file data.pdb (PDB, C-alpha atoms)
ATOM      1  CA  MET A   1     -17.013   0.038   6.638  1.00  0.00           C
ATOM      2  CA  LYS A   2     -18.232  -3.493   6.293  1.00  0.00           C
ATOM      3  CA  ILE A   3     -19.520  -6.365   8.406  1.00  0.00           C
ATOM      4  CA  GLN A   4     -19.384  -9.790   6.798  1.00  0.00           C
ATOM      5  CA  ILE A   5     -21.235 -12.600   8.585  1.00  0.00           C
ATOM      6  CA  GLU A   6     -20.096 -16.202   8.062  1.00  0.00           C
ATOM      7  CA  ASN A   7     -21.908 -18.865  10.098  1.00  0.00           C
ATOM      8  CA  ASP A   8     -21.630 -17.760  13.743  1.00  0.00           C
ATOM      9  CA  LEU A   9     -18.795 -15.259  13.193  1.00  0.00           C
ATOM     10  CA  ALA A  10     -18.762 -11.689  11.941  1.00  0.00           C
ATOM     11  CA  TYR A  11     -15.766  -9.902  10.405  1.00  0.00           C
ATOM     12  CA  VAL A  12     -15.729  -6.150  10.960  1.00  0.00           C
ATOM     13  CA  ARG A  13     -13.718  -3.711   8.827  1.00  0.00           C
ATOM     14  CA  THR A  14     -13.487  -0.034   9.725  1.00  0.00           C
ATOM     15  CA  PRO A  15     -10.958   2.737   9.317  1.00  0.00           C
ATOM     16  CA  TYR A  16      -8.466   2.753  12.183  1.00  0.00           C
ATOM     17  CA  HIS A  17      -9.587   4.743  15.215  1.00  0.00           C
ATOM     18  CA  PRO A  18      -8.027   4.156  18.661  1.00  0.00           C
ATOM     19  CA  ASN A  19     -11.368   4.552  20.458  1.00  0.00           C
ATOM     20  CA  PHE A  20     -12.973   1.869  18.283  1.00  0.00           C
ATOM     21  CA  VAL A  21     -10.063  -0.499  18.914  1.00  0.00           C
ATOM     22  CA  SER A  22     -10.230  -0.044  22.686  1.00  0.00           C
ATOM     23  CA  LYS A  23     -14.018  -0.508  22.726  1.00  0.00           C
ATOM     24  CA  ILE A  24     -14.192  -3.564  20.467  1.00  0.00           C
ATOM     25  CA  LYS A  25     -11.468  -5.229  22.529  1.00  0.00           C
ATOM     26  CA  ARG A  26     -13.918  -5.139  25.448  1.00  0.00           C
ATOM     27  CA  CYS A  27     -16.185  -7.585  23.588  1.00  0.00           C
ATOM     28  CA  SER A  28     -15.382 -11.040  24.961  1.00  0.00           C
ATOM     29  CA  SER A  29     -15.009 -12.779  21.605  1.00  0.00           C
ATOM     30  CA  ALA A  30     -13.276  -9.967  19.706  1.00  0.00           C
ATOM     31  CA  LYS A  31      -9.898 -10.657  18.184  1.00  0.00           C
ATOM     32  CA  TRP A  32      -7.936  -9.203  15.287  1.00  0.00           C
ATOM     33  CA  ASP A  33      -7.768 -11.441  12.213  1.00  0.00           C
ATOM     34  CA  ALA A  34      -4.576 -10.331  10.463  1.00  0.00           C
ATOM     35  CA  THR A  35      -5.290 -12.449   7.374  1.00  0.00           C
ATOM     36  CA  ARG A  36      -8.657 -10.778   6.750  1.00  0.00           C
ATOM     37  CA  GLN A  37      -7.565  -7.395   8.134  1.00  0.00           C
ATOM     38  CA  ALA A  38     -10.757  -7.347  10.202  1.00  0.00           C
ATOM     39  CA  TRP A  39     -12.010  -7.753  13.738  1.00  0.00           C
ATOM     40  CA  GLN A  40     -13.619 -11.145  14.348  1.00  0.00           C
ATOM     41  CA  VAL A  41     -16.549 -11.319  16.787  1.00  0.00           C
ATOM     42  CA  LYS A  42     -19.419 -13.698  17.390  1.00  0.00           C
ATOM     43  CA  ALA A  43     -22.259 -12.906  14.988  1.00  0.00           C
ATOM     44  CA  ASP A  44     -24.702 -12.303  17.833  1.00  0.00           C
ATOM     45  CA  LEU A  45     -22.590  -9.267  18.826  1.00  0.00           C
ATOM     46  CA  VAL A  46     -23.218  -7.476  15.504  1.00  0.00           C
ATOM     47  CA  PRO A  47     -25.832  -5.092  17.019  1.00  0.00           C
ATOM     48  CA  VAL A  48     -23.330  -4.108  19.749  1.00  0.00           C
ATOM     49  CA  VAL A  49     -20.548  -3.629  17.190  1.00  0.00           C
ATOM     50  CA  ARG A  50     -22.827  -1.472  15.024  1.00  0.00           C
ATOM     51  CA  LYS A  51     -23.567   0.724  18.043  1.00  0.00           C
ATOM     52  CA  LEU A  52     -19.817   1.108  18.658  1.00  0.00           C
ATOM     53  CA  MET A  53     -19.326   2.048  14.997  1.00  0.00           C
ATOM     54  CA  VAL A  54     -22.072   4.688  15.228  1.00  0.00           C
ATOM     55  CA  ASP A  55     -20.582   6.102  18.442  1.00  0.00           C
ATOM     56  CA  ILE A  56     -17.127   6.482  16.850  1.00  0.00           C
ATOM     57  CA  PHE A  57     -17.779   7.023  13.130  1.00  0.00           C
ATOM     58  CA  GLY A  58     -21.349   8.382  13.132  1.00  0.00           C
ATOM     59  CA  GLU A  59     -22.596   5.363  11.190  1.00  0.00           C
ATOM     60  CA  SER A  60     -22.011   1.661  10.817  1.00  0.00           C
ATOM     61  CA  ASP A  61     -21.931  -0.528   7.746  1.00  0.00           C
ATOM     62  CA  ILE A  62     -25.511   0.703   7.386  1.00  0.00           C
ATOM     63  CA  PRO A  63     -25.203   4.343   6.246  1.00  0.00           C
ATOM     64  CA  ALA A  64     -26.603   6.918   8.636  1.00  0.00           C
ATOM     65  CA  GLU A  65     -29.825   8.595   7.680  1.00  0.00           C
ATOM     66  CA  GLY A  66     -29.885  12.345   7.657  1.00  0.00           C
ATOM     67  CA  LYS A  67     -27.739  15.040   6.216  1.00  0.00           C
ATOM     68  CA  ARG A  68     -24.030  14.799   5.476  1.00  0.00           C
ATOM     69  CA  PHE A  69     -21.544  17.629   5.617  1.00  0.00           C
ATOM     70  CA  ASP A  70     -18.065  18.657   4.616  1.00  0.00           C
ATOM     71  CA  VAL A  71     -16.446  20.258   7.653  1.00  0.00           C
ATOM     72  CA  TRP A  72     -13.894  23.040   7.222  1.00  0.00           C
ATOM     73  CA  LEU A  73     -11.621  23.442  10.238  1.00  0.00           C
ATOM     74  CA  THR A  74      -9.333  26.407  10.822  1.00  0.00           C
ATOM     75  CA  PHE A  75      -6.726  25.777  13.521  1.00  0.00           C
ATOM     76  CA  ASN A  76      -5.828  28.998  15.321  1.00  0.00           C
ATOM     77  CA  THR A  77      -3.630  26.942  17.611  1.00  0.00           C
ATOM     78  CA  ALA A  78      -1.726  23.707  17.105  1.00  0.00           C
ATOM     79  CA  VAL A  79      -3.378  20.477  18.273  1.00  0.00           C
ATOM     80  CA  TYR A  80      -1.258  17.648  19.651  1.00  0.00           C
ATOM     81  CA  ALA A  81      -1.924  13.965  20.352  1.00  0.00           C
ATOM     82  CA  ASP A  82       0.580  12.021  22.454  1.00  0.00           C
ATOM     83  CA  ARG A  83       1.676   8.752  20.785  1.00  0.00           C
ATOM     84  CA  GLU A  84      -1.554   8.601  18.808  1.00  0.00           C
ATOM     85  CA  GLY A  85      -3.346  10.343  15.948  1.00  0.00           C
ATOM     86  CA  VAL A  86      -5.430  13.522  15.987  1.00  0.00           C
ATOM     87  CA  TYR A  87      -9.069  12.607  15.267  1.00  0.00           C
ATOM     88  CA  PHE A  88     -12.112  14.788  14.584  1.00  0.00           C
ATOM     89  CA  PHE A  89     -15.554  13.694  13.414  1.00  0.00           C
ATOM     90  CA  GLY A  90     -14.440  10.059  13.170  1.00  0.00           C
ATOM     91  CA  LYS A  91     -11.590  10.822  10.762  1.00  0.00           C
ATOM     92  CA  CYS A  92      -7.821  10.950  11.233  1.00  0.00           C
ATOM     93  CA  LEU A  93      -6.403  14.436  10.667  1.00  0.00           C
ATOM     94  CA  ALA A  94      -2.808  13.510  11.513  1.00  0.00           C
ATOM     95  CA  ARG A  95      -1.165  10.246  12.496  1.00  0.00           C
ATOM     96  CA  ALA A  96       2.532   9.840  13.160  1.00  0.00           C
ATOM     97  CA  ARG A  97       4.300   6.600  14.050  1.00  0.00           C
ATOM     98  CA  GLY A  98       7.272   8.204  15.783  1.00  0.00           C
ATOM     99  CA  ARG A  99       9.025  11.524  16.359  1.00  0.00           C
ATOM    100  CA  ASP A 100      10.796  11.532  13.003  1.00  0.00           C
ATOM    101  CA  SER A 101       8.159   9.732  10.919  1.00  0.00           C
ATOM    102  CA  GLY A 102       6.204  12.779   9.854  1.00  0.00           C
ATOM    103  CA  ALA A 103       2.416  12.644  10.079  1.00  0.00           C
ATOM    104  CA  ARG A 104      -0.158  11.786   7.445  1.00  0.00           C
ATOM    105  CA  PRO A 105      -3.881  12.478   7.228  1.00  0.00           C
ATOM    106  CA  GLY A 106      -6.363   9.627   6.871  1.00  0.00           C
ATOM    107  CA  ASP A 107      -8.976   9.061   4.178  1.00  0.00           C
ATOM    108  CA  GLY A 108     -11.528  11.810   3.620  1.00  0.00           C
ATOM    109  CA  VAL A 109      -9.221  14.553   4.910  1.00  0.00           C
ATOM    110  CA  CYS A 110      -7.561  17.305   2.851  1.00  0.00           C
ATOM    111  CA  TYR A 111      -5.217  20.077   4.006  1.00  0.00           C
ATOM    112  CA  ILE A 112      -5.885  23.351   2.209  1.00  0.00           C
ATOM    113  CA  SER A 113      -3.050  25.160   3.983  1.00  0.00           C
ATOM    114  CA  ARG A 114      -0.205  24.393   6.367  1.00  0.00           C
ATOM    115  CA  GLY A 115      -0.350  20.723   7.366  1.00  0.00           C
ATOM    116  CA  CYS A 116       0.531  18.136   9.956  1.00  0.00           C
ATOM    117  CA  ARG A 117       3.788  16.845  11.383  1.00  0.00           C
ATOM    118  CA  SER A 118       5.346  14.671  14.050  1.00  0.00           C
ATOM    119  CA  GLY A 119       7.337  15.939  17.013  1.00  0.00           C
ATOM    120  CA  GLY A 120       8.127  15.375  20.660  1.00  0.00           C
ATOM    121  CA  SER A 121      10.831  13.033  21.913  1.00  0.00           C
ATOM    122  CA  MET A 122      11.788   9.544  20.746  1.00  0.00           C
ATOM    123  CA  LYS A 123       9.810   7.943  23.573  1.00  0.00           C
ATOM    124  CA  TYR A 124       6.983  10.498  23.822  1.00  0.00           C
ATOM    125  CA  TRP A 125       6.360  11.378  20.182  1.00  0.00           C
ATOM    126  CA  GLU A 126       3.347  13.386  19.033  1.00  0.00           C
ATOM    127  CA  SER A 127       1.061  13.792  16.043  1.00  0.00           C
ATOM    128  CA  ILE A 128       0.514  17.503  15.427  1.00  0.00           C
ATOM    129  CA  VAL A 129      -1.870  19.609  13.343  1.00  0.00           C
ATOM    130  CA  ASN A 130      -0.020  22.888  12.791  1.00  0.00           C
ATOM    131  CA  ASP A 131      -1.509  26.203  13.821  1.00  0.00           C
ATOM    132  CA  GLY A 132      -2.828  28.081  10.806  1.00  0.00           C
ATOM    133  CA  SER A 133      -3.883  24.839   9.112  1.00  0.00           C
ATOM    134  CA  ILE A 134      -7.126  24.745   7.178  1.00  0.00           C
ATOM    135  CA  VAL A 135      -8.463  21.205   6.902  1.00  0.00           C
ATOM    136  CA  VAL A 136     -11.508  19.839   5.084  1.00  0.00           C
ATOM    137  CA  ILE A 137     -13.102  16.651   6.393  1.00  0.00           C
ATOM    138  CA  TYR A 138     -15.374  15.148   3.736  1.00  0.00           C
ATOM    139  CA  ASP A 139     -18.682  13.332   4.118  1.00  0.00           C
ATOM    140  CA  VAL A 140     -19.387  13.642   7.844  1.00  0.00           C
ATOM    141  CA  PRO A 141     -22.746  12.282   9.063  1.00  0.00           C
ATOM    142  CA  GLU A 142     -24.961  14.787  10.866  1.00  0.00           C
ATOM    143  CA  THR A 143     -24.995  12.507  13.932  1.00  0.00           C
ATOM    144  CA  LEU A 144     -21.279  13.145  14.503  1.00  0.00           C
ATOM    145  CA  ILE A 145     -21.665  16.894  14.116  1.00  0.00           C
ATOM    146  CA  LEU A 146     -24.324  16.919  16.805  1.00  0.00           C
ATOM    147  CA  ASN A 147     -22.236  14.802  19.209  1.00  0.00           C
ATOM    148  CA  GLU A 148     -18.618  15.875  18.617  1.00  0.00           C
ATOM    149  CA  LYS A 149     -16.929  17.942  21.318  1.00  0.00           C
ATOM    150  CA  HIS A 150     -15.639  21.175  19.800  1.00  0.00           C
ATOM    151  CA  LEU A 151     -12.168  22.404  20.712  1.00  0.00           C
ATOM    152  CA  GLU A 152     -11.087  25.895  21.658  1.00  0.00           C
ATOM    153  CA  GLY A 153      -8.850  27.503  19.073  1.00  0.00           C
ATOM    154  CA  VAL A 154     -10.519  25.673  16.175  1.00  0.00           C
ATOM    155  CA  GLU A 155     -13.124  27.374  13.978  1.00  0.00           C
ATOM    156  CA  TYR A 156     -15.762  25.189  12.305  1.00  0.00           C
ATOM    157  CA  GLU A 157     -17.741  25.650   9.098  1.00  0.00           C
ATOM    158  CA  PHE A 158     -20.285  23.031   8.037  1.00  0.00           C
ATOM    159  CA  ILE A 159     -21.227  22.738   4.361  1.00  0.00           C
ATOM    160  CA  GLU A 160     -24.126  20.430   3.548  1.00  0.00           C
ATOM    161  CA  ARG A 161     -23.332  17.860   0.857  1.00  0.00           C
ATOM    162  CA  VAL A 162     -25.642  17.366  -2.091  1.00  0.00           C
ATOM    163  CA  ALA A 163     -25.718  13.729  -3.166  1.00  0.00           C
ATOM    164  CA  ASN A 164     -24.673  13.038  -6.749  1.00  0.00           C
ATOM    165  CA  GLN A 165     -25.753  10.122  -8.943  1.00  0.00           C
ATOM    166  CA  ASP A 166     -22.748   7.950  -8.040  1.00  0.00           C
ATOM    167  CA  GLU A 167     -23.294   8.461  -4.301  1.00  0.00           C
ATOM    168  CA  LEU A 168     -26.976   7.600  -4.643  1.00  0.00           C
ATOM    169  CA  ASN A 169     -26.150   4.425  -6.607  1.00  0.00           C
ATOM    170  CA  ALA A 170     -23.564   3.426  -3.980  1.00  0.00           C
ATOM    171  CA  GLU A 171     -26.082   3.993  -1.183  1.00  0.00           C
ATOM    172  CA  LYS A 172     -28.675   1.938  -3.083  1.00  0.00           C
ATOM    173  CA  ALA A 173     -26.167  -0.924  -3.434  1.00  0.00           C
ATOM    174  CA  ARG A 174     -25.396  -0.812   0.320  1.00  0.00           C
ATOM    175  CA  LEU A 175     -29.095  -0.826   1.176  1.00  0.00           C
ATOM    176  CA  MET A 176     -29.794  -3.721  -1.195  1.00  0.00           C
ATOM    177  CA  ALA A 177     -26.948  -5.684   0.424  1.00  0.00           C
ATOM    178  CA  ARG A 178     -28.426  -4.959   3.864  1.00  0.00           C
ATOM    179  CA  ILE A 179     -31.870  -6.136   2.709  1.00  0.00           C
ATOM    180  CA  LYS A 180     -30.278  -9.364   1.469  1.00  0.00           C
ATOM    181  CA  GLU A 181     -28.541  -9.784   4.842  1.00  0.00           C
ATOM    182  CA  ILE A 182     -31.854  -9.246   6.677  1.00  0.00           C
ATOM    183  CA  ASP A 183     -33.589 -11.761   4.395  1.00  0.00           C
ATOM    184  CA  THR A 184     -30.857 -14.315   5.200  1.00  0.00           C
ATOM    185  CA  ILE A 185     -31.243 -13.716   8.940  1.00  0.00           C
ATOM    186  CA  LEU A 186     -35.031 -13.980   8.752  1.00  0.00           C
ATOM    187  CA  GLY A 187     -34.764 -17.140   6.671  1.00  0.00           C
ATOM    188  CA  ALA A 188     -32.508 -18.751   9.285  1.00  0.00           C
ATOM    189  CA  SER A 189     -35.005 -18.008  12.077  1.00  0.00           C
TER     190      SER A 189
END
call {"tool": "encode", "arguments": {"input": "data.pdb", "output": "C-alpha coordinates"}}
result
Amino acid sequence: MKIQIENDLAYVRTPYHPNFVSKIKRCSSAKWDATRQAWQVKADLVPVVRKLMVDIFGESDIPAEGKRFDVWLTFNTAVYADREGVYFFGKCLARARGRDSGARPGDGVCYISRGCRSGGSMKYWESIVNDGSIVVIYDVPETLILNEKHLEGVEYEFIERVANQDELNAEKARLMARIKEIDTILGAS
(Lines of atoms letter the chains of each structure in order from A and count residues from 1; the text may use other names and numbers.)
(Lines give C-alpha, C1' and ligand atoms only; values in the text may rest on other atoms or scores of the structure.)
Protein backbone atom coordinates (compact mmCIF):
# COMPACT_ATOMS: atom_id res chain seq x y z
CA MET A 1 0.00 0.00 0.00
CA LYS A 2 1.23 3.45 -0.81
CA ILE A 3 0.16 7.08 -0.52
CA GLN A 4 1.99 9.52 -2.76
CA ILE A 5 1.43 13.23 -2.08
CA GLU A 6 1.90 15.73 -4.92
CA ASN A 7 1.08 19.37 -4.12
CA ASP A 8 -2.49 19.36 -2.76
CA LEU A 9 -3.40 15.88 -4.05
CA ALA A 10 -2.71 12.41 -2.71
CA TYR A 11 -2.70 9.20 -4.76
CA VAL A 12 -3.69 6.10 -2.81
CA ARG A 13 -2.83 2.54 -3.90
CA THR A 14 -4.19 -0.47 -2.05
CA PRO A 15 -5.15 -4.02 -2.91
CA TYR A 16 -8.74 -4.21 -4.13
CA HIS A 17 -11.31 -4.60 -1.36
CA PRO A 18 -14.99 -3.72 -1.94
CA ASN A 19 -15.37 -2.18 1.53
CA PHE A 20 -12.43 0.16 0.92
CA VAL A 21 -13.85 1.21 -2.44
CA SER A 22 -17.28 1.99 -0.99
CA LYS A 23 -15.78 3.94 1.92
CA ILE A 24 -13.27 6.00 -0.07
CA LYS A 25 -16.02 6.93 -2.53
CA ARG A 26 -17.73 8.70 0.38
CA CYS A 27 -14.84 11.20 0.53
CA SER A 28 -15.99 14.27 -1.41
CA SER A 29 -12.86 14.64 -3.54
CA ALA A 30 -12.15 10.95 -4.15
CA LYS A 31 -12.00 9.73 -7.72
CA TRP A 32 -10.31 6.83 -9.47
CA ASP A 33 -7.30 7.81 -11.58
CA ALA A 34 -7.09 5.04 -14.18
CA THR A 35 -3.73 6.26 -15.52
CA ARG A 36 -2.05 6.00 -12.11
CA GLN A 37 -4.15 3.03 -10.97
CA ALA A 38 -4.80 4.89 -7.71
CA TRP A 39 -7.48 6.78 -5.85
CA GLN A 40 -6.99 10.55 -5.99
CA VAL A 41 -8.04 12.60 -2.95
CA LYS A 42 -7.18 16.00 -1.56
CA ALA A 43 -3.97 15.77 0.47
CA ASP A 44 -5.68 17.07 3.60
CA LEU A 45 -7.79 13.88 3.62
CA VAL A 46 -4.73 11.61 4.04
CA PRO A 47 -5.38 11.05 7.80
CA VAL A 48 -8.97 9.98 7.00
CA VAL A 49 -7.79 7.69 4.19
CA ARG A 50 -5.18 6.11 6.49
CA LYS A 51 -7.92 5.39 9.04
CA LEU A 52 -9.99 3.71 6.31
CA MET A 53 -6.96 1.63 5.30
CA VAL A 54 -6.42 0.53 8.92
CA ASP A 55 -10.11 -0.36 9.30
CA ILE A 56 -10.06 -2.56 6.17
CA PHE A 57 -6.48 -3.85 5.90
CA GLY A 58 -5.25 -3.57 9.50
CA GLU A 59 -2.62 -1.02 8.51
CA SER A 60 -2.05 1.84 6.12
CA ASP A 61 0.99 2.81 4.11
CA ILE A 62 2.57 3.10 7.55
CA PRO A 63 3.04 -0.51 8.73
CA ALA A 64 1.09 -1.48 11.83
CA GLU A 65 3.02 -1.90 15.02
CA GLY A 66 2.60 -5.13 16.89
CA LYS A 67 2.75 -8.75 16.00
CA ARG A 68 2.00 -10.27 12.61
CA PHE A 69 0.55 -13.69 11.97
CA ASP A 70 -0.03 -16.28 9.31
CA VAL A 71 -3.63 -17.44 9.63
CA TRP A 72 -4.58 -21.02 8.75
CA LEU A 73 -8.27 -21.41 7.94
CA THR A 74 -10.06 -24.74 7.66
CA PHE A 75 -13.47 -24.47 5.98
CA ASN A 76 -15.85 -27.10 7.32
CA THR A 77 -18.55 -25.54 5.18
CA ALA A 78 -18.44 -23.66 1.89
CA VAL A 79 -18.46 -19.85 2.03
CA TYR A 80 -20.20 -17.87 -0.70
CA ALA A 81 -20.13 -14.20 -1.73
CA ASP A 82 -22.79 -12.92 -4.13
CA ARG A 83 -21.29 -11.02 -7.10
CA GLU A 84 -18.21 -10.16 -5.08
CA GLY A 85 -15.11 -11.77 -3.59
CA VAL A 86 -14.72 -13.66 -0.31
CA TYR A 87 -12.52 -11.60 2.04
CA PHE A 88 -10.98 -12.45 5.41
CA PHE A 89 -8.43 -10.45 7.38
CA GLY A 90 -8.19 -7.82 4.63
CA LYS A 91 -7.21 -10.34 1.95
CA CYS A 92 -9.13 -11.85 -0.97
CA LEU A 93 -9.60 -15.61 -0.61
CA ALA A 94 -11.67 -16.02 -3.78
CA ARG A 95 -12.80 -13.58 -6.43
CA ALA A 96 -14.81 -14.54 -9.49
CA ARG A 97 -15.92 -12.19 -12.26
CA GLY A 98 -18.86 -14.28 -13.44
CA ARG A 99 -20.48 -17.70 -13.11
CA ASP A 100 -18.11 -19.41 -15.54
CA SER A 101 -14.96 -17.38 -14.83
CA GLY A 102 -13.59 -19.54 -12.05
CA ALA A 103 -12.30 -17.81 -8.93
CA ARG A 104 -8.78 -16.79 -7.98
CA PRO A 105 -7.21 -15.94 -4.64
CA GLY A 106 -5.56 -12.57 -4.07
CA ASP A 107 -2.01 -11.80 -2.97
CA GLY A 108 -0.84 -13.30 0.31
CA VAL A 109 -3.26 -16.24 0.11
CA CYS A 110 -2.37 -19.90 -0.53
CA TYR A 111 -4.68 -22.92 -0.78
CA ILE A 112 -3.18 -26.00 0.84
CA SER A 113 -6.13 -28.21 -0.11
CA ARG A 114 -9.33 -28.00 -2.14
CA GLY A 115 -9.73 -24.48 -3.51
CA CYS A 116 -12.12 -21.84 -4.74
CA ARG A 117 -14.54 -21.63 -7.64
CA SER A 118 -17.32 -19.60 -9.21
CA GLY A 119 -20.95 -20.65 -9.38
CA GLY A 120 -24.52 -19.42 -9.25
CA SER A 121 -26.43 -18.13 -12.26
CA MET A 122 -25.32 -15.83 -15.08
CA LYS A 123 -26.92 -12.82 -13.40
CA TYR A 124 -26.36 -13.81 -9.76
CA TRP A 125 -22.90 -15.38 -9.87
CA GLU A 126 -20.92 -16.23 -6.74
CA SER A 127 -17.35 -16.52 -5.53
CA ILE A 128 -17.03 -19.69 -3.45
CA VAL A 129 -14.45 -21.15 -1.07
CA ASN A 130 -15.07 -24.90 -1.16
CA ASP A 131 -15.84 -26.87 1.97
CA GLY A 132 -12.80 -28.84 3.10
CA SER A 133 -10.44 -26.10 1.90
CA ILE A 134 -7.40 -25.26 3.98
CA VAL A 135 -6.19 -21.73 3.28
CA VAL A 136 -3.17 -19.84 4.61
CA ILE A 137 -3.35 -16.05 4.76
CA TYR A 138 0.15 -14.60 5.13
CA ASP A 139 1.32 -11.57 7.09
CA VAL A 140 -1.84 -10.46 8.90
CA PRO A 141 -1.47 -7.57 11.37
CA GLU A 142 -2.55 -8.31 14.93
CA THR A 143 -5.05 -5.43 14.74
CA LEU A 144 -7.11 -7.33 12.15
CA ILE A 145 -7.06 -10.53 14.18
CA LEU A 146 -8.48 -8.68 17.16
CA ASN A 147 -11.23 -7.00 15.11
CA GLU A 148 -12.24 -9.57 12.47
CA LYS A 149 -15.61 -11.26 12.86
CA HIS A 150 -15.13 -15.03 12.92
CA LEU A 151 -17.48 -17.24 10.92
CA GLU A 152 -19.19 -20.43 11.99
CA GLY A 153 -17.91 -23.48 10.18
CA VAL A 154 -14.39 -22.06 9.83
CA GLU A 155 -11.57 -23.12 12.17
CA TYR A 156 -8.74 -20.64 12.80
CA GLU A 157 -5.10 -21.17 13.73
CA PHE A 158 -2.81 -18.17 14.25
CA ILE A 159 0.94 -18.61 13.83
CA GLU A 160 3.10 -15.67 14.86
CA ARG A 161 5.56 -14.55 12.18
CA VAL A 162 9.21 -14.04 13.00
CA ALA A 163 10.67 -11.17 10.98
CA ASN A 164 13.61 -12.04 8.75
CA GLN A 165 16.39 -9.72 7.59
CA ASP A 166 14.66 -8.80 4.32
CA GLU A 167 11.40 -7.93 6.10
CA LEU A 168 13.26 -5.78 8.62
CA ASN A 169 15.12 -3.94 5.83
CA ALA A 170 11.83 -3.36 3.97
CA GLU A 171 10.20 -2.02 7.14
CA LYS A 172 13.20 0.26 7.73
CA ALA A 173 12.89 1.62 4.17
CA ARG A 174 9.15 2.30 4.68
CA LEU A 175 9.82 4.07 7.97
CA MET A 176 12.61 6.17 6.46
CA ALA A 177 10.26 7.18 3.63
CA ARG A 178 7.61 8.16 6.19
CA ILE A 179 10.16 10.24 8.13
CA LYS A 180 11.06 12.03 4.89
CA GLU A 181 7.36 12.67 4.23
CA ILE A 182 6.92 14.08 7.76
CA ASP A 183 9.99 16.30 7.31
CA THR A 184 8.50 17.64 4.05
CA ILE A 185 5.16 18.37 5.74
CA LEU A 186 6.85 20.08 8.69
CA GLY A 187 9.03 22.10 6.33
CA ALA A 188 5.96 23.34 4.44
CA SER A 189 4.31 24.53 7.67
call {"tool": "closest_residue", "arguments": {"input": "data.pdb", "among": "A:Cys27, A:Asp166, A:Leu45, A:Ser133", "to": "A:Ile112", "atoms": "all atoms listed in the file"}}
result
A:Ser133
call {"tool": "closest_residue", "arguments": {"input": "data.pdb", "among": "A:Met53, A:Ile137, A:Ile62, A:Ala94", "to": "A:Cys116", "atoms": "all atoms listed in the file"}}
result
A:Ala94
call {"tool": "atom_distance", "arguments": {"input": "data.pdb", "atom1": "atom CA of A:Val21", "atom2": "atom CA of A:Gly85"}}
result
13.1 Å
call {"tool": "closest_residue", "arguments": {"input": "data.pdb", "among": "A:Pro105, A:Pro18, A:Gly98, A:Pro63", "to": "A:Glu167", "atoms": "all atoms listed in the file"}}
result
A:Pro63
call {"tool": "atom_distance", "arguments": {"input": "data.pdb", "atom1": "atom CA of A:Phe88", "atom2": "atom CA of A:Asp33"}}
result
26.7 Å
call {"tool": "resolve_selection", "arguments": {"input": "data.pdb", "expression": "the PyMOL selection byres ((chain A and resi 135) around 9)", "output": "list of chain:residue names"}}
result
A:Val71, A:Trp72, A:Leu73, A:Thr74, A:Phe75, A:Leu93, A:Val109, A:Cys110, A:Tyr111, A:Ile112, A:Ser113, A:Arg114, A:Gly115, A:Ser133, A:Ile134, A:Val136, A:Ile137
call {"tool": "closest_residue", "arguments": {"input": "data.pdb", "among": "A:Asp61, A:Glu160, A:Asp82, A:Glu126", "to": "A:Glu142", "atoms": "only C-alpha atoms"}}
result
A:Glu160
call {"tool": "atom_distance", "arguments": {"input": "data.pdb", "atom1": "atom CA of A:Leu9", "atom2": "atom CA of A:Lys51"}}
result
17.4 Å
call {"tool": "residues_around", "arguments": {"input": "data.pdb", "residues": "A:Asp55", "least_positions_apart": "4", "cutoff": "12 Å", "atoms": "only C-alpha atoms", "output": "list in words"}}
result
His17, Asn19, Phe20, Lys23, Ile24, Val48, Val49, Arg50, Lys51, Glu59, Ser60, Ala64, Phe89, Gly90, Pro141, Thr143, Leu144, Ile145, Leu146, Asn147 and Glu148 of chain A
call {"tool": "closest_residue", "arguments": {"input": "data.pdb", "among": "A:Asp70, A:Glu65, A:Trp32, A:Ala78", "to": "A:Glu152", "atoms": "all atoms listed in the file"}}
result
A:Ala78
call {"tool": "residues_around", "arguments": {"input": "data.pdb", "residues": "A:Thr77", "least_positions_apart": "6", "cutoff": "8 Å", "atoms": "only C-alpha atoms", "output": "JSON, numbers by chain"}}
result
{"A": [130, 131, 132, 153, 154]}
call {"tool": "closest_residue", "arguments": {"input": "data.pdb", "among": "A:Ile56, A:Thr14, A:Ile128, A:Tyr138", "to": "A:Lys2", "atoms": "only C-alpha atoms"}}
result
A:Thr14
call {"tool": "resolve_selection", "arguments": {"input": "data.pdb", "expression": "the PyMOL selection byres ((chain A and resi 29) around 7)", "output": "ChimeraX atom specification"}}
result
/A:27-28,30-31,41-42
call {"tool": "write_last_selection", "arguments": {"input": "data.pdb", "atoms": "C-alpha atoms", "output": "PDB file, in the coordinates of the input"}}
result
ATOM      1  CA  CYS A  27     -16.185  -7.585  23.588  1.00  0.00           C
ATOM      2  CA  SER A  28     -15.382 -11.040  24.961  1.00  0.00           C
ATOM      3  CA  ALA A  30     -13.276  -9.967  19.706  1.00  0.00           C
ATOM      4  CA  LYS A  31      -9.898 -10.657  18.184  1.00  0.00           C
ATOM      5  CA  VAL A  41     -16.549 -11.319  16.787  1.00  0.00           C
ATOM      6  CA  LYS A  42     -19.419 -13.698  17.390  1.00  0.00           C
TER       7      LYS A  42
END
